[in-house]
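K.L.:
Please see the structure below; I have some questions.
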Amino acid sequence: MAPKDSSYTVQGTSLSRGRAYGLALRFDEDAHVLEPERLLENESRTDALDRLHTAFERTREQLKEIMTHGSERFEDVIELVFQAHLLMLEDELFGGRIRQLATEGSIPERAVTDTIEELASSIAEKEHKLTAEKAEDVRDLGYRLLVNLAPQPPTRTFVAAKIVLLEHVFPSELLRLAIDGAAGIVLVDVSVTAHLSILSHSLGVPVLAASWESVRNIHDGMPLLLDGDSGRLEILPNTDAVDISGSRVEAPGQDVSIPAGERPGELRSDQDSTHVGAPVKVLASVNILADALAALDSADGIGLYRSEFPFIIRKGLLDEQTQYHIYRHIVSMFSGREVTLRTADIGGDKILEGESAESNPFLGVRGIRFSLANRPMFREQLRAMLRAGDGADLRIMLPMVSTVEDVLEARTELNRCLAELAEARTPHNSEPKLGAMIEIPSAAVGAEEIAAETDFLSIGMNDLVMYMLAVDRTNARLTNHYRTHHPVIVRTVAAIADSAKNAAIPFSICGEAAADPLLLPLYVGLGARAVSVAPEQLTDVRRDLASLDVTACRGLAEKARVARTVQEMDAVLSTMDLREAGRVGTK
Ligand code: PEP
Ligand code: MG
């Protein structure tokens, strides 16, 4: 067992880079709830009701403060999360019930905790992952109220500058912790879904997944050093070796602007003008506004906007106008540059309220299937995208296309929305490009027909590898089987590239492999027009591309097409491997 009073280190899995120093805060359902009975002493009923009234006031003020002065980076999320909290505070079922119990004689803390439990368990009874997330919202707001019931509540949020350890987590909760100023986050025994992992990258806070066993001896207030780069958590670190002047040791790479002369197409003075510098666009993959801001100075545009995130954060469908505002904000930030909005990839591990759980969700109603099964919602989203894209270089991309029929049906819906907007004289983009993600084996085999019906293809490597090799992308036990550079995968990507070429349309690569320095030369050699990568990878990828000899990349691609085993592929790719010490290309 790990020692309790001397420094030791545990190894976890890094989900978001950066290093942070802070005091531990274990954040689970029962922790930190103030002992109700203790606070009852010497308090009259009138005083208790006054205290409750003040706690409501403080909570309301805090929520409004976050909404009006919260970080610009999280504007979209703040609106989606805290607006719901504000409404819940005033709701009869929440605020009303707490007041009722307190008036009937419960002490305020008991009224809050009982209401949380009543509401959370009635929600959880529905046995749905998403409703369970709403139960977390109830607990989260309830906890804020409890903290505010203290006669002198902390002036800073309770998670500020702390390294928070969580045993249950939902996407919106992760965001709340980042917004509330947590220095770092440790997910304890949490099954990390694909989208939890993707979202972690967007937080600007180091995040680590660790086993319960490895962190069992960590208690509140223990100093911790979280290294999201190496995936290590140091408990009781030797503070002489650490700069602890601020809680944050080092923010994850947000500064991604790069010197002129190192952009694709631009040549450094020492480069041979005939060969060097791949003419490949470096686009950003964006989940929330914070990513778009981080990418603004250095991306050639947005290659993938995962439009399901607002739905996931709000835990339900959004109306056209709300979607329009979110998309418009992002599109106008990138004015003059291409912006690819992907229609919602709902389903899989991202189910919305009211949707029935499926026994095999990754083979279920996911992505474009969900949209085509929910036409009114799909049309609202398409209209919001078309309106937001007025005057912009707008591309609309369909996720999880399995066959050309999906594209044809989606095209019909798009044309219908275009006609409606034109008829109503609503300003919109009347000539959006329509593209398909190729991330399912059947779409890879049918890429020829799909290419003939679209304006561009984007290969979603995360899912393509998962479905081709039948390897769950979130299963840590299968990491060795998840081989992005397997000859079968490389031949598939090459065949998709050929289909795009035959149809005279461009293709791009997205997913984590798009930033892999081992694979970039291959993708360039196969003729990719663009790669779409996470904001913190833009600088490295751009630099890698600028160093590439396109003719050599083509030669490499020809050899890679005929490699038969992983070993043969390794031998081919290693001749142009761009990996170097410290380069984290495959995060
Ligand atoms: C992919 O599958 O590679 C992709 C980019 O989509 P997502 O990760 O959102 O499923
Ligand atoms: Mg995908």
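Convention: chains lettered A, B, ... in structure tokens order; per-chain residue numbering from 1; ligands numbered from 1 as shown.
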Could you give me, as JSON lines, a per-residue list for chain A showing, wherever an atom lies at most 12 Å from an atom of ligand 2, the closest pair of atoms and their distance in Å to one decimal, using only C-alpha atoms and all ligand atoms and sorting by chain then residue number from low to high?

P.N.:
```
{"residue": "A:Ala194", "atom": "CA", "partner": "ligand 2", "partner_atom_place_in_ligand_line": "1 (Mg)", "distance": 9.4}
{"residue": "A:His195", "atom": "CA", "partner": "ligand 2", "partner_atom_place_in_ligand_line": "1 (Mg)", "distance": 10.1}
{"residue": "A:Ile198", "atom": "CA", "partner": "ligand 2", "partner_atom_place_in_ligand_line": "1 (Mg)", "distance": 11.1}
{"residue": "A:Ser285", "atom": "CA", "partner": "ligand 2", "partner_atom_place_in_ligand_line": "1 (Mg)", "distance": 11.8}
{"residue": "A:Leu304", "atom": "CA", "partner": "ligand 2", "partner_atom_place_in_ligand_line": "1 (Mg)", "distance": 10.3}
{"residue": "A:Tyr305", "atom": "CA", "partner": "ligand 2", "partner_atom_place_in_ligand_line": "1 (Mg)", "distance": 11.7}
{"residue": "A:Arg306", "atom": "CA", "partner": "ligand 2", "partner_atom_place_in_ligand_line": "1 (Mg)", "distance": 9.5}
{"residue": "A:Glu308", "atom": "CA", "partner": "ligand 2", "partner_atom_place_in_ligand_line": "1 (Mg)", "distance": 11.5}
{"residue": "A:Arg342", "atom": "CA", "partner": "ligand 2", "partner_atom_place_in_ligand_line": "1 (Mg)", "distance": 10.3}
{"residue": "A:Thr343", "atom": "CA", "partner": "ligand 2", "partner_atom_place_in_ligand_line": "1 (Mg)", "distance": 11.5}
{"residue": "A:Ala344", "atom": "CA", "partner": "ligand 2", "partner_atom_place_in_ligand_line": "1 (Mg)", "distance": 10.7}
{"residue": "A:Asp345", "atom": "CA", "partner": "ligand 2", "partner_atom_place_in_ligand_line": "1 (Mg)", "distance": 7.7}
{"residue": "A:Ile346", "atom": "CA", "partner": "ligand 2", "partner_atom_place_in_ligand_line": "1 (Mg)", "distance": 10.5}
{"residue": "A:Gly347", "atom": "CA", "partner": "ligand 2", "partner_atom_place_in_ligand_line": "1 (Mg)", "distance": 11.1}
{"residue": "A:Gly348", "atom": "CA", "partner": "ligand 2", "partner_atom_place_in_ligand_line": "1 (Mg)", "distance": 10.1}
{"residue": "A:Asp349", "atom": "CA", "partner": "ligand 2", "partner_atom_place_in_ligand_line": "1 (Mg)", "distance": 11.6}
{"residue": "A:Lys350", "atom": "CA", "partner": "ligand 2", "partner_atom_place_in_ligand_line": "1 (Mg)", "distance": 11.9}
{"residue": "A:Phe362", "atom": "CA", "partner": "ligand 2", "partner_atom_place_in_ligand_line": "1 (Mg)", "distance": 10.6}
{"residue": "A:Arg366", "atom": "CA", "partner": "ligand 2", "partner_atom_place_in_ligand_line": "1 (Mg)", "distance": 10.1}
{"residue": "A:Gly367", "atom": "CA", "partner": "ligand 2", "partner_atom_place_in_ligand_line": "1 (Mg)", "distance": 8.5}
{"residue": "A:Ile368", "atom": "CA", "partner": "ligand 2", "partner_atom_place_in_ligand_line": "1 (Mg)", "distance": 11.1}
{"residue": "A:Met397", "atom": "CA", "partner": "ligand 2", "partner_atom_place_in_ligand_line": "1 (Mg)", "distance": 11.5}
{"residue": "A:Leu398", "atom": "CA", "partner": "ligand 2", "partner_atom_place_in_ligand_line": "1 (Mg)", "distance": 10.1}
{"residue": "A:Pro399", "atom": "CA", "partner": "ligand 2", "partner_atom_place_in_ligand_line": "1 (Mg)", "distance": 6.6}
{"residue": "A:Met400", "atom": "CA", "partner": "ligand 2", "partner_atom_place_in_ligand_line": "1 (Mg)", "distance": 6.6}
{"residue": "A:Val401", "atom": "CA", "partner": "ligand 2", "partner_atom_place_in_ligand_line": "1 (Mg)", "distance": 10.0}
{"residue": "A:Ser402", "atom": "CA", "partner": "ligand 2", "partner_atom_place_in_ligand_line": "1 (Mg)", "distance": 12.0}
{"residue": "A:Ala436", "atom": "CA", "partner": "ligand 2", "partner_atom_place_in_ligand_line": "1 (Mg)", "distance": 11.2}
{"residue": "A:Met437", "atom": "CA", "partner": "ligand 2", "partner_atom_place_in_ligand_line": "1 (Mg)", "distance": 7.8}
{"residue": "A:Ile438", "atom": "CA", "partner": "ligand 2", "partner_atom_place_in_ligand_line": "1 (Mg)", "distance": 8.6}
{"residue": "A:Glu439", "atom": "CA", "partner": "ligand 2", "partner_atom_place_in_ligand_line": "1 (Mg)", "distance": 6.3}
{"residue": "A:Ile440", "atom": "CA", "partner": "ligand 2", "partner_atom_place_in_ligand_line": "1 (Mg)", "distance": 8.8}
{"residue": "A:Ser458", "atom": "CA", "partner": "ligand 2", "partner_atom_place_in_ligand_line": "1 (Mg)", "distance": 10.2}
{"residue": "A:Ile459", "atom": "CA", "partner": "ligand 2", "partner_atom_place_in_ligand_line": "1 (Mg)", "distance": 8.8}
{"residue": "A:Gly460", "atom": "CA", "partner": "ligand 2", "partner_atom_place_in_ligand_line": "1 (Mg)", "distance": 5.3}
{"residue": "A:Met461", "atom": "CA", "partner": "ligand 2", "partner_atom_place_in_ligand_line": "1 (Mg)", "distance": 7.3}
{"residue": "A:Asn462", "atom": "CA", "partner": "ligand 2", "partner_atom_place_in_ligand_line": "1 (Mg)", "distance": 5.9}
{"residue": "A:Asp463", "atom": "CA", "partner": "ligand 2", "partner_atom_place_in_ligand_line": "1 (Mg)", "distance": 4.7}
{"residue": "A:Leu464", "atom": "CA", "partner": "ligand 2", "partner_atom_place_in_ligand_line": "1 (Mg)", "distance": 7.5}
{"residue": "A:Val465", "atom": "CA", "partner": "ligand 2", "partner_atom_place_in_ligand_line": "1 (Mg)", "distance": 9.9}
{"residue": "A:Met466", "atom": "CA", "partner": "ligand 2", "partner_atom_place_in_ligand_line": "1 (Mg)", "distance": 9.5}
{"residue": "A:Tyr467", "atom": "CA", "partner": "ligand 2", "partner_atom_place_in_ligand_line": "1 (Mg)", "distance": 10.1}
{"residue": "A:Arg473", "atom": "CA", "partner": "ligand 2", "partner_atom_place_in_ligand_line": "1 (Mg)", "distance": 10.4}
{"residue": "A:Ile509", "atom": "CA", "partner": "ligand 2", "partner_atom_place_in_ligand_line": "1 (Mg)", "distance": 11.3}
{"residue": "A:Cys510", "atom": "CA", "partner": "ligand 2", "partner_atom_place_in_ligand_line": "1 (Mg)", "distance": 8.7}
{"residue": "A:Gly511", "atom": "CA", "partner": "ligand 2", "partner_atom_place_in_ligand_line": "1 (Mg)", "distance": 7.4}
{"residue": "A:Glu512", "atom": "CA", "partner": "ligand 2", "partner_atom_place_in_ligand_line": "1 (Mg)", "distance": 10.4}
```

K.L.:
Could you please write out, as a PyMOL selection string, every residue of stretch 337-397 of chain A that DSSP assigns to strand (DSSP E)?

P.N.:
chain A and resi 338-342+393-397

K.L.:
Now that the selection is made, can you save its residues with all heavy atoms as an mmCIF file, in the first residue's frame?

P.N.:
```cif
data_model
loop_
_atom_site.group_PDB
_atom_site.id
_atom_site.type_symbol
_atom_site.label_atom_id
_atom_site.label_comp_id
_atom_site.auth_asym_id
_atom_site.auth_seq_id
_atom_site.Cartn_x
_atom_site.Cartn_y
_atom_site.Cartn_z
ATOM 1 N N GLU A 338 -12.578 28.854 -43.999
ATOM 2 C CA GLU A 338 -13.601 27.819 -44.134
ATOM 3 C C GLU A 338 -14.054 27.319 -42.756
ATOM 4 O O GLU A 338 -13.261 27.233 -41.818
ATOM 5 C CB GLU A 338 -13.072 26.656 -44.975
ATOM 6 C CG GLU A 338 -11.882 25.940 -44.372
ATOM 7 C CD GLU A 338 -11.391 24.813 -45.278
ATOM 8 O OE1 GLU A 338 -10.594 25.104 -46.176
ATOM 9 O OE2 GLU A 338 -11.790 23.657 -45.056
ATOM 10 N N VAL A 339 -15.332 27.017 -42.656
ATOM 11 C CA VAL A 339 -15.872 26.479 -41.401
ATOM 12 C C VAL A 339 -16.745 25.267 -41.733
ATOM 13 O O VAL A 339 -17.695 25.358 -42.513
ATOM 14 C CB VAL A 339 -16.721 27.525 -40.649
ATOM 15 C CG1 VAL A 339 -17.361 26.897 -39.413
ATOM 16 C CG2 VAL A 339 -15.864 28.716 -40.217
ATOM 17 N N THR A 340 -16.379 24.129 -41.151
ATOM 18 C CA THR A 340 -17.143 22.912 -41.386
ATOM 19 C C THR A 340 -17.959 22.586 -40.148
ATOM 20 O O THR A 340 -17.407 22.300 -39.080
ATOM 21 C CB THR A 340 -16.184 21.726 -41.686
ATOM 22 O OG1 THR A 340 -15.321 22.119 -42.743
ATOM 23 C CG2 THR A 340 -16.959 20.478 -42.061
ATOM 24 N N LEU A 341 -19.268 22.682 -40.287
ATOM 25 C CA LEU A 341 -20.155 22.345 -39.181
ATOM 26 C C LEU A 341 -20.658 20.924 -39.411
ATOM 27 O O LEU A 341 -21.243 20.631 -40.458
ATOM 28 C CB LEU A 341 -21.342 23.313 -39.126
ATOM 29 C CG LEU A 341 -21.003 24.803 -38.988
ATOM 30 C CD1 LEU A 341 -22.293 25.635 -38.986
ATOM 31 C CD2 LEU A 341 -20.196 25.084 -37.716
ATOM 32 N N ARG A 342 -20.395 20.066 -38.458
ATOM 33 C CA ARG A 342 -20.891 18.693 -38.595
ATOM 34 C C ARG A 342 -22.261 18.599 -37.945
ATOM 35 O O ARG A 342 -22.463 19.099 -36.843
ATOM 36 C CB ARG A 342 -19.926 17.724 -37.902
ATOM 37 C CG ARG A 342 -20.401 16.285 -37.973
ATOM 38 C CD ARG A 342 -19.381 15.327 -37.416
ATOM 39 N NE ARG A 342 -19.379 15.300 -35.960
ATOM 40 C CZ ARG A 342 -18.616 14.478 -35.236
ATOM 41 N NH1 ARG A 342 -17.774 13.655 -35.856
ATOM 42 N NH2 ARG A 342 -18.655 14.488 -33.932
ATOM 43 N N ASP A 393 -17.700 30.798 -45.745
ATOM 44 C CA ASP A 393 -17.324 29.604 -46.518
ATOM 45 C C ASP A 393 -17.812 28.404 -45.709
ATOM 46 O O ASP A 393 -17.076 27.809 -44.926
ATOM 47 C CB ASP A 393 -15.789 29.586 -46.694
ATOM 48 C CG ASP A 393 -15.332 28.389 -47.510
ATOM 49 O OD1 ASP A 393 -16.175 27.541 -47.874
ATOM 50 O OD2 ASP A 393 -14.112 28.284 -47.762
ATOM 51 N N LEU A 394 -19.087 28.079 -45.897
ATOM 52 C CA LEU A 394 -19.741 27.079 -45.044
ATOM 53 C C LEU A 394 -19.713 25.692 -45.665
ATOM 54 O O LEU A 394 -20.061 25.507 -46.833
ATOM 55 C CB LEU A 394 -21.206 27.495 -44.797
ATOM 56 C CG LEU A 394 -22.062 26.491 -44.024
ATOM 57 C CD1 LEU A 394 -21.631 26.413 -42.560
ATOM 58 C CD2 LEU A 394 -23.549 26.864 -44.101
ATOM 59 N N ARG A 395 -19.312 24.746 -44.849
ATOM 60 C CA ARG A 395 -19.391 23.340 -45.261
ATOM 61 C C ARG A 395 -20.200 22.603 -44.206
ATOM 62 O O ARG A 395 -19.980 22.788 -43.005
ATOM 63 C CB ARG A 395 -17.985 22.725 -45.321
ATOM 64 C CG ARG A 395 -17.154 23.294 -46.462
ATOM 65 C CD ARG A 395 -15.790 23.738 -45.991
ATOM 66 N NE ARG A 395 -15.184 24.655 -46.964
ATOM 67 C CZ ARG A 395 -14.317 24.269 -47.887
ATOM 68 N NH1 ARG A 395 -13.924 23.023 -47.955
ATOM 69 N NH2 ARG A 395 -13.829 25.142 -48.736
ATOM 70 N N ILE A 396 -21.136 21.813 -44.659
ATOM 71 C CA ILE A 396 -21.944 21.017 -43.723
ATOM 72 C C ILE A 396 -21.535 19.557 -43.902
ATOM 73 O O ILE A 396 -21.447 19.065 -45.030
ATOM 74 C CB ILE A 396 -23.454 21.225 -43.996
ATOM 75 C CG1 ILE A 396 -23.832 22.681 -43.659
ATOM 76 C CG2 ILE A 396 -24.294 20.245 -43.180
ATOM 77 C CD1 ILE A 396 -25.290 23.037 -43.894
ATOM 78 N N MET A 397 -21.261 18.914 -42.783
ATOM 79 C CA MET A 397 -20.697 17.559 -42.874
ATOM 80 C C MET A 397 -21.579 16.560 -42.116
ATOM 81 O O MET A 397 -22.055 16.838 -41.019
ATOM 82 C CB MET A 397 -19.293 17.586 -42.281
ATOM 83 C CG MET A 397 -18.565 16.277 -42.343
ATOM 84 S SD MET A 397 -16.788 16.552 -42.233
ATOM 85 C CE MET A 397 -16.570 16.750 -40.480
#
```

K.L.:
Which residues are close to stretch 98-110 of chain A, i.e. within 7 Å by only C-alpha atoms, leaving aside same-chain residues fewer than 3 positions away? Reply as a CSV table (one decimal) with N, CA and C atoms, in the first residue's frame.

P.N.:
```csv
chain,number,residue,atom,x,y,z
A,36,PRO,N,-25.9,18.8,9.0
A,36,PRO,CA,-27.1,19.6,9.3
A,36,PRO,C,-27.3,19.9,10.8
A,40,LEU,N,-27.7,23.5,13.7
A,40,LEU,CA,-29.0,23.9,14.3
A,40,LEU,C,-28.9,24.6,15.6
A,48,ALA,N,-33.2,30.7,10.9
A,48,ALA,CA,-32.9,29.6,10.0
A,48,ALA,C,-33.5,30.0,8.6
A,49,LEU,N,-34.7,30.5,8.7
A,49,LEU,CA,-35.4,30.9,7.4
A,49,LEU,C,-34.7,32.0,6.7
A,52,LEU,N,-31.7,30.7,5.0
A,52,LEU,CA,-32.0,30.0,3.8
A,52,LEU,C,-32.3,31.1,2.7
A,94,PHE,N,-37.7,22.4,-7.1
A,94,PHE,CA,-36.4,22.5,-6.4
A,94,PHE,C,-36.5,23.6,-5.3
A,95,GLY,N,-36.4,24.8,-5.8
A,95,GLY,CA,-36.4,25.9,-4.8
A,95,GLY,C,-37.7,25.9,-4.0
A,113,THR,N,-30.8,18.9,1.4
A,113,THR,CA,-30.3,17.6,1.1
A,113,THR,C,-31.5,16.6,0.8
A,114,ASP,N,-32.6,16.8,1.6
A,114,ASP,CA,-33.8,16.0,1.3
A,114,ASP,C,-34.3,16.2,-0.1
A,115,THR,N,-34.3,17.5,-0.5
A,115,THR,CA,-34.9,17.8,-1.8
A,115,THR,C,-34.0,17.3,-2.9
A,146,LEU,N,-25.9,24.6,-0.3
A,146,LEU,CA,-25.4,24.2,1.0
A,146,LEU,C,-24.2,25.0,1.4
```

K.L.:
Calculated over only C-alpha atoms and all ligand atoms, which of the candidates A:Leu545, A:Leu317, A:Asp516, A:Phe309 has the smallest distance to ligand 1?

P.N.:
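Checking each candidate against ligand 1, we get A:Phe309 as the closest.
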
K.L.:
Tell me, as a compact mmCIF listing (two decimals) with N, CA, C and O atoms, in the first residue's frame, which residues lie within 7 Å of stretch 178-190 of chain A, counting only C-alpha atoms; anything in the same chain fewer than 5 positions away does not count.

P.N.:
```txt
# COMPACT_ATOMS: atom_id res chain seq x y z
N ALA A 20 -0.34 20.99 -12.96
CA ALA A 20 -0.98 21.83 -11.95
C ALA A 20 -0.59 21.37 -10.56
O ALA A 20 -0.41 20.17 -10.31
N GLY A 22 -1.86 21.81 -6.52
CA GLY A 22 -2.99 22.32 -5.71
C GLY A 22 -3.30 21.35 -4.59
O GLY A 22 -2.72 20.26 -4.50
N THR A 157 -14.92 30.17 -5.21
CA THR A 157 -15.69 28.94 -5.34
C THR A 157 -14.90 27.84 -4.64
O THR A 157 -13.68 27.90 -4.56
N VAL A 159 -14.06 24.98 -5.42
CA VAL A 159 -13.09 24.15 -6.17
C VAL A 159 -11.91 24.98 -6.66
O VAL A 159 -10.94 24.42 -7.17
N ALA A 160 -11.97 26.31 -6.50
CA ALA A 160 -10.92 27.16 -7.08
C ALA A 160 -9.54 26.73 -6.60
O ALA A 160 -9.32 26.52 -5.41
N ALA A 161 -8.62 26.59 -7.55
CA ALA A 161 -7.22 26.26 -7.30
C ALA A 161 -7.01 24.88 -6.68
O ALA A 161 -5.92 24.55 -6.26
N LYS A 162 -8.06 24.07 -6.65
CA LYS A 162 -7.92 22.72 -6.07
C LYS A 162 -7.68 21.69 -7.19
O LYS A 162 -8.02 21.91 -8.34
N ILE A 163 -7.10 20.56 -6.76
CA ILE A 163 -7.07 19.41 -7.67
C ILE A 163 -8.25 18.55 -7.23
O ILE A 163 -8.26 17.99 -6.13
N VAL A 164 -9.25 18.48 -8.08
CA VAL A 164 -10.51 17.84 -7.69
C VAL A 164 -10.50 16.37 -8.12
O VAL A 164 -10.19 16.04 -9.27
N LEU A 165 -10.83 15.50 -7.17
CA LEU A 165 -10.93 14.07 -7.48
C LEU A 165 -12.40 13.69 -7.53
O LEU A 165 -13.15 13.93 -6.58
N LEU A 166 -12.84 13.13 -8.63
CA LEU A 166 -14.26 12.82 -8.83
C LEU A 166 -14.47 11.35 -9.11
O LEU A 166 -13.74 10.76 -9.90
N GLU A 167 -15.50 10.80 -8.48
CA GLU A 167 -15.78 9.39 -8.77
C GLU A 167 -16.94 9.23 -9.75
O GLU A 167 -17.16 8.15 -10.27
N HIS A 168 -17.71 10.29 -9.92
CA HIS A 168 -18.76 10.26 -10.95
C HIS A 168 -18.59 11.54 -11.75
O HIS A 168 -18.39 12.59 -11.16
N LEU A 203 -10.81 21.75 -22.07
CA LEU A 203 -11.01 22.47 -20.82
C LEU A 203 -9.92 23.48 -20.49
O LEU A 203 -10.16 24.44 -19.76
N VAL A 205 -7.51 22.63 -18.66
CA VAL A 205 -7.14 22.19 -17.31
C VAL A 205 -6.61 20.76 -17.45
O VAL A 205 -7.22 19.97 -18.17
N PRO A 206 -5.49 20.43 -16.78
CA PRO A 206 -5.02 19.04 -16.90
C PRO A 206 -6.02 18.04 -16.29
O PRO A 206 -6.57 18.31 -15.22
N VAL A 207 -6.23 16.96 -16.98
CA VAL A 207 -7.17 15.93 -16.50
C VAL A 207 -6.50 14.57 -16.59
O VAL A 207 -5.84 14.25 -17.58
N LEU A 208 -6.69 13.78 -15.53
CA LEU A 208 -6.07 12.46 -15.45
C LEU A 208 -7.14 11.45 -15.07
O LEU A 208 -8.01 11.76 -14.25
N ALA A 209 -7.08 10.25 -15.65
CA ALA A 209 -7.95 9.17 -15.18
C ALA A 209 -7.09 8.23 -14.35
O ALA A 209 -5.99 7.86 -14.78
N ALA A 210 -7.55 7.87 -13.15
CA ALA A 210 -6.75 7.00 -12.29
C ALA A 210 -7.66 5.98 -11.61
O ALA A 210 -8.87 6.20 -11.49
N SER A 211 -7.07 4.87 -11.16
CA SER A 211 -7.88 3.85 -10.49
C SER A 211 -8.13 4.27 -9.04
O SER A 211 -7.34 5.00 -8.44
N TRP A 212 -9.23 3.78 -8.50
CA TRP A 212 -9.59 4.11 -7.12
C TRP A 212 -8.49 3.64 -6.17
O TRP A 212 -8.09 4.35 -5.25
N LEU A 226 -0.17 17.47 -10.35
CA LEU A 226 -0.76 16.67 -11.43
C LEU A 226 -0.01 17.00 -12.73
O LEU A 226 0.06 18.16 -13.14
N SER A 247 -1.35 28.33 -8.19
CA SER A 247 -1.77 26.94 -8.16
C SER A 247 -1.42 26.26 -9.46
O SER A 247 -1.10 25.10 -9.50
N ARG A 248 -1.49 27.03 -10.53
CA ARG A 248 -1.27 26.45 -11.84
C ARG A 248 0.21 26.48 -12.15
O ARG A 248 0.82 27.55 -12.12
```

K.L.:
Of the residues A:Phe311, A:Phe158, A:Phe74, A:Tyr482, which is the one nearest to A:Gly204, using only C-alpha atoms?

P.N.:
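Of all the options, A:Phe74 lies closest to A:Gly204.
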
K.L.:
Return the single residue from A:Ser230, A:Ser442, A:Asn287, A:Thr426 that is closest to ligand 1, with distances computed using only C-alpha atoms and all ligand atoms.

P.N.:
A:Asn287

K.L.:
Compile the contact shell of stretch 550-560 of chain A as a ChimeraX atom specification: residues with an atom at most 9 Å away, counting only C-alpha atoms, same-chain residues fewer than 6 positions apart removed.

P.N.:
/A:275-279,487,490-491,494,520-527,568-569,572-573,575-576

K.L.:
Given the choices A:Leu224, A:Ala410, A:Val282, A:Leu519, which gets closest to A:Asp297 if the distance is worked out from only C-alpha atoms?

P.N.:
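Closest candidate: A:Val282.
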
K.L.:
Set the distance at 12 Å and use only C-alpha atoms: which residues neighbour A:Ala515 once local chain neighbours fewer than 6 positions away are removed? I'd like the list as a PyMOL selection string.

P.N.:
chain A and resi 282-285+461-462+484+509+521-524+530-545+578-579+583-587
